[in-house]
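Below: the structure, in structure tokens.
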Amino acid sequence: MAVLSLDRLSKRFGARLAVDAVSFEVREREVFGLLGPNGSGKSTILRLVTGYLYPSSGTIRVAGIDVVRAARAARERIGYVPEDSPLYGHMRVVEYLSFMGRLRGITGGALDRAIDAAVERLALGSVRKTIIERLSRGYRQRVSLAQAVLHKPELLVLDEPSNGLDPRQIIELRGLLRHLAQDCAVLVTSHILAEIERTADRAAILLDGRLLTVEQIAHETLAAPVPSPLEALFLELTQAKAMQ
Amino acid sequence: MGSQVATLVGKEVRTLFTSPIAYAVIAVFVVLSGYTFTVSLIVAKQATLVHIFFQSAVQLILLVPLITMRQFAEERRSGTLQLLLTAPLREVDIVVAKFIACMAVLLAMTSLTLVYAAVLATYGDPDWGPIYSGYAGLVMLGAALVSIGLMISALTANQIVAAVVSLGLFGILWAIDTLASLLPQPFENWVLGLSLLAHFTPFAVGAMYLSDVGFFLSVILLGLFLTVRALARR
């Protein structure tokens, strides 16, 4: 069954057609990549899927629920990490996760368990009580991912998650995405072809708001979140710094 | 849904009270009104707070934009507005939470001036009617300013722009009665009907009219409604 289905989805900003009759489906436990140059409509599609923007025409269904007509029920099934991972920098990690959990209606013991699970899954134990603005870019990305999986969403939506990360963090993120996809479908955008090729099961290519094609990615590529020779060298040479 | 709104209110109140802006605004408000109260008590020797109410109203016009400016503008600039608008909440929940948080700062600020009423009660025999109505007027005026300030903050991603536009609009609405006197009827009455000063004055001098209460409630509800619409326009 499709976790996400888009049917002739369009979005117009004034005279400009940002998304033009796009249709595709994302299946259970699949990482689905959206590829395209800047301005191709990738982020707009994600904002439409998450309900941040309203479509001009067409329908979006998450787990069979219409995102526009039953917005609240659909949003309960989505975890979203917007571009640049916005966070409340003055909060501590656990305080932020608690706030986001409560906003999604998780309370009491269930909230504590959800936070513990997310912290463990995203390896945030050592920074649990750290103020977010003092965290490195990589850790902030993990905190963003933690809030997005807190309520066990059926669909995880990630907008350019590797932006601003260093090579080590990008390699870690690849493994993390595959790990998260064990429990939910993942819709991820990137303008870097190699990133999608290494993490996604299928990829759609967009240009000027139009969907050009949806391609299956060869399984051998996916089986290798194994670093390339250059990546392996980089990891080896920067190991000491990363351990600090 | 109620607990989610309470969560949001708690976060907004904490954010406001952990920022130096709230304390600076409260300190300036208390120092200025305290100075006026002390001087007027010593010079005029009258057991009244009328002058404090008028001065506080002007201070609210100057200070409320500093409280409301960042509410939506900063969330929009930093991107966190996306998190709120894609959470299982309604726009109205977010607006109400921010309104309550701003009102908490405003009430904390105004309640500190209750000490002047206590001083009057200790050393004199004040007429309590105008004091009650004066405080009611301040709260209604403050709530109206907060709702308009929130609406303007929801329209921009720049908090300085939000503050300046709010200040300009508050100034016009406060003093628009001077323009009204230059206009022929019925325009004079129409413009006078928009004046915050004209609707606040009866409260400050101890005369509460339902029409003035209705005016402030209408401005509050209209401001909040337009804020919700501004958020929903996307």
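Every chain in the structure tokens takes a letter, A first, then B, and so on in the order presented; its residues are numbered from 1, and the ligands are numbered from 1 following the presented order.
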Q. Which neighbours of Val161 of chain B fall inside 12 Å, counting only C-alpha atoms, when residues of the same chain fewer than 4 positions from it are skipped, and could you give them as an MDAnalysis selection string?
A. chainID B and resid 65:66 68:70 73:74 149 152:157 165:168
With N, CA, C and O atoms retained, write the just-selected residues as a PDB file, in the first residue's frame.
```pdb
ATOM      1  N   PRO B  65       4.513  47.109  20.796  1.00  0.00           N
ATOM      2  CA  PRO B  65       5.184  46.599  19.577  1.00  0.00           C
ATOM      3  C   PRO B  65       6.457  45.816  19.880  1.00  0.00           C
ATOM      4  O   PRO B  65       6.805  44.894  19.132  1.00  0.00           O
ATOM      5  N   LEU B  66       7.138  46.171  20.993  1.00  0.00           N
ATOM      6  CA  LEU B  66       8.364  45.446  21.333  1.00  0.00           C
ATOM      7  C   LEU B  66       8.059  44.019  21.814  1.00  0.00           C
ATOM      8  O   LEU B  66       8.899  43.128  21.722  1.00  0.00           O
ATOM      9  N   THR B  68       5.156  42.271  20.764  1.00  0.00           N
ATOM     10  CA  THR B  68       4.503  41.486  19.696  1.00  0.00           C
ATOM     11  C   THR B  68       5.385  41.309  18.454  1.00  0.00           C
ATOM     12  O   THR B  68       5.154  40.389  17.680  1.00  0.00           O
ATOM     13  N   MET B  69       6.400  42.149  18.282  1.00  0.00           N
ATOM     14  CA  MET B  69       7.121  42.181  16.999  1.00  0.00           C
ATOM     15  C   MET B  69       7.717  40.831  16.609  1.00  0.00           C
ATOM     16  O   MET B  69       7.716  40.446  15.450  1.00  0.00           O
ATOM     17  N   ARG B  70       8.238  40.088  17.592  1.00  0.00           N
ATOM     18  CA  ARG B  70       8.949  38.864  17.241  1.00  0.00           C
ATOM     19  C   ARG B  70       8.038  37.634  17.194  1.00  0.00           C
ATOM     20  O   ARG B  70       8.457  36.575  16.721  1.00  0.00           O
ATOM     21  N   ALA B  73       7.061  37.106  13.324  1.00  0.00           N
ATOM     22  CA  ALA B  73       8.133  37.513  12.406  1.00  0.00           C
ATOM     23  C   ALA B  73       9.394  36.677  12.653  1.00  0.00           C
ATOM     24  O   ALA B  73      10.021  36.183  11.708  1.00  0.00           O
ATOM     25  N   GLU B  74       9.749  36.488  13.915  1.00  0.00           N
ATOM     26  CA  GLU B  74      10.956  35.738  14.237  1.00  0.00           C
ATOM     27  C   GLU B  74      10.787  34.245  13.915  1.00  0.00           C
ATOM     28  O   GLU B  74      11.707  33.596  13.435  1.00  0.00           O
ATOM     29  N   GLY B 149      -0.879  44.071  16.942  1.00  0.00           N
ATOM     30  CA  GLY B 149       0.565  43.816  16.819  1.00  0.00           C
ATOM     31  C   GLY B 149       0.847  42.413  16.309  1.00  0.00           C
ATOM     32  O   GLY B 149       1.748  42.210  15.484  1.00  0.00           O
ATOM     33  N   ILE B 152       0.214  42.231  12.539  1.00  0.00           N
ATOM     34  CA  ILE B 152       1.294  42.823  11.741  1.00  0.00           C
ATOM     35  C   ILE B 152       2.525  41.905  11.756  1.00  0.00           C
ATOM     36  O   ILE B 152       3.185  41.713  10.736  1.00  0.00           O
ATOM     37  N   SER B 153       2.802  41.302  12.911  1.00  0.00           N
ATOM     38  CA  SER B 153       3.937  40.380  13.005  1.00  0.00           C
ATOM     39  C   SER B 153       3.741  39.165  12.094  1.00  0.00           C
ATOM     40  O   SER B 153       4.707  38.608  11.577  1.00  0.00           O
ATOM     41  N   ALA B 154       2.471  38.783  11.893  1.00  0.00           N
ATOM     42  CA  ALA B 154       2.189  37.604  11.049  1.00  0.00           C
ATOM     43  C   ALA B 154       2.368  37.908   9.565  1.00  0.00           C
ATOM     44  O   ALA B 154       2.385  36.998   8.743  1.00  0.00           O
ATOM     45  N   LEU B 155       2.502  39.189   9.236  1.00  0.00           N
ATOM     46  CA  LEU B 155       2.591  39.567   7.826  1.00  0.00           C
ATOM     47  C   LEU B 155       4.027  39.730   7.333  1.00  0.00           C
ATOM     48  O   LEU B 155       4.250  39.970   6.150  1.00  0.00           O
ATOM     49  N   THR B 156       5.002  39.659   8.237  1.00  0.00           N
ATOM     50  CA  THR B 156       6.384  39.918   7.831  1.00  0.00           C
ATOM     51  C   THR B 156       7.349  38.945   8.505  1.00  0.00           C
ATOM     52  O   THR B 156       6.998  38.319   9.508  1.00  0.00           O
ATOM     53  N   ALA B 157       8.552  38.847   7.927  1.00  0.00           N
ATOM     54  CA  ALA B 157       9.584  38.012   8.554  1.00  0.00           C
ATOM     55  C   ALA B 157      10.628  38.889   9.233  1.00  0.00           C
ATOM     56  O   ALA B 157      11.637  38.385   9.706  1.00  0.00           O
ATOM     57  N   VAL B 165       5.899  49.296  11.980  1.00  0.00           N
ATOM     58  CA  VAL B 165       4.549  49.410  11.413  1.00  0.00           C
ATOM     59  C   VAL B 165       3.507  49.417  12.537  1.00  0.00           C
ATOM     60  O   VAL B 165       2.548  50.204  12.513  1.00  0.00           O
ATOM     61  N   SER B 166       3.702  48.566  13.542  1.00  0.00           N
ATOM     62  CA  SER B 166       2.760  48.529  14.678  1.00  0.00           C
ATOM     63  C   SER B 166       2.740  49.885  15.371  1.00  0.00           C
ATOM     64  O   SER B 166       1.663  50.428  15.668  1.00  0.00           O
ATOM     65  N   LEU B 167       3.919  50.417  15.640  1.00  0.00           N
ATOM     66  CA  LEU B 167       4.022  51.701  16.333  1.00  0.00           C
ATOM     67  C   LEU B 167       3.299  52.798  15.544  1.00  0.00           C
ATOM     68  O   LEU B 167       2.543  53.599  16.105  1.00  0.00           O
ATOM     69  N   GLY B 168       3.528  52.812  14.233  1.00  0.00           N
ATOM     70  CA  GLY B 168       2.885  53.819  13.390  1.00  0.00           C
ATOM     71  C   GLY B 168       1.373  53.681  13.426  1.00  0.00           C
ATOM     72  O   GLY B 168       0.648  54.666  13.597  1.00  0.00           O
TER      73      GLY B 168
END
```
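Residues in contact range of Thr80 of chain B, defined as at most 10 Å between only C-alpha atoms, with sequence neighbours fewer than 2 positions away removed, read Pro82, Ser85, Pro86, Leu87 and Tyr88 of chain A; Phe72, Glu74, Glu75, Arg76, Arg77, Ser78, Gln82, Leu83, Leu84 and Leu85 of chain B.
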Q: Determine, counting only C-alpha atoms, which protein, DNA and RNA residues have an atom within 12 Å of an atom of Gly64 of chain A; residues of the same chain fewer than 3 positions away are not included. Present the result as a PyMOL selection string.
A: chain A and resi 1-6+25-27+59-61+67+69-70+73-74+77+154-155
Q) If we count only C-alpha atoms, which residues of chain B reach to within 9 Å of chain A? Please list them as a ChimeraX atom specification. A) /B:1,3-5,7-8,11,15,78-90,232-234
Q: Give me the residues within 7 Å of Arg174 of chain A as a count of residues only, counting only C-alpha atoms and dropping any in the same chain fewer than 3 places off.
A: 6
Q. In Å to one decimal, how far is atom CA of Asn163 of chain A from atom CA of Glu133 of chain A?
A.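 Taking atom CA of Glu133 of chain A as the start and atom CA of Asn163 of chain A as the end point, the length is 17.4 Å.
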Q: Could you give me, as an MDAnalysis selection string, each residue of segment 13-154 of chain A that DSSP assigns to strand (DSSP E or B) when run on this structure's backbone?
A: chainID A and resid 13 16:27 31:35 57:62 65:66 78:81 92 131
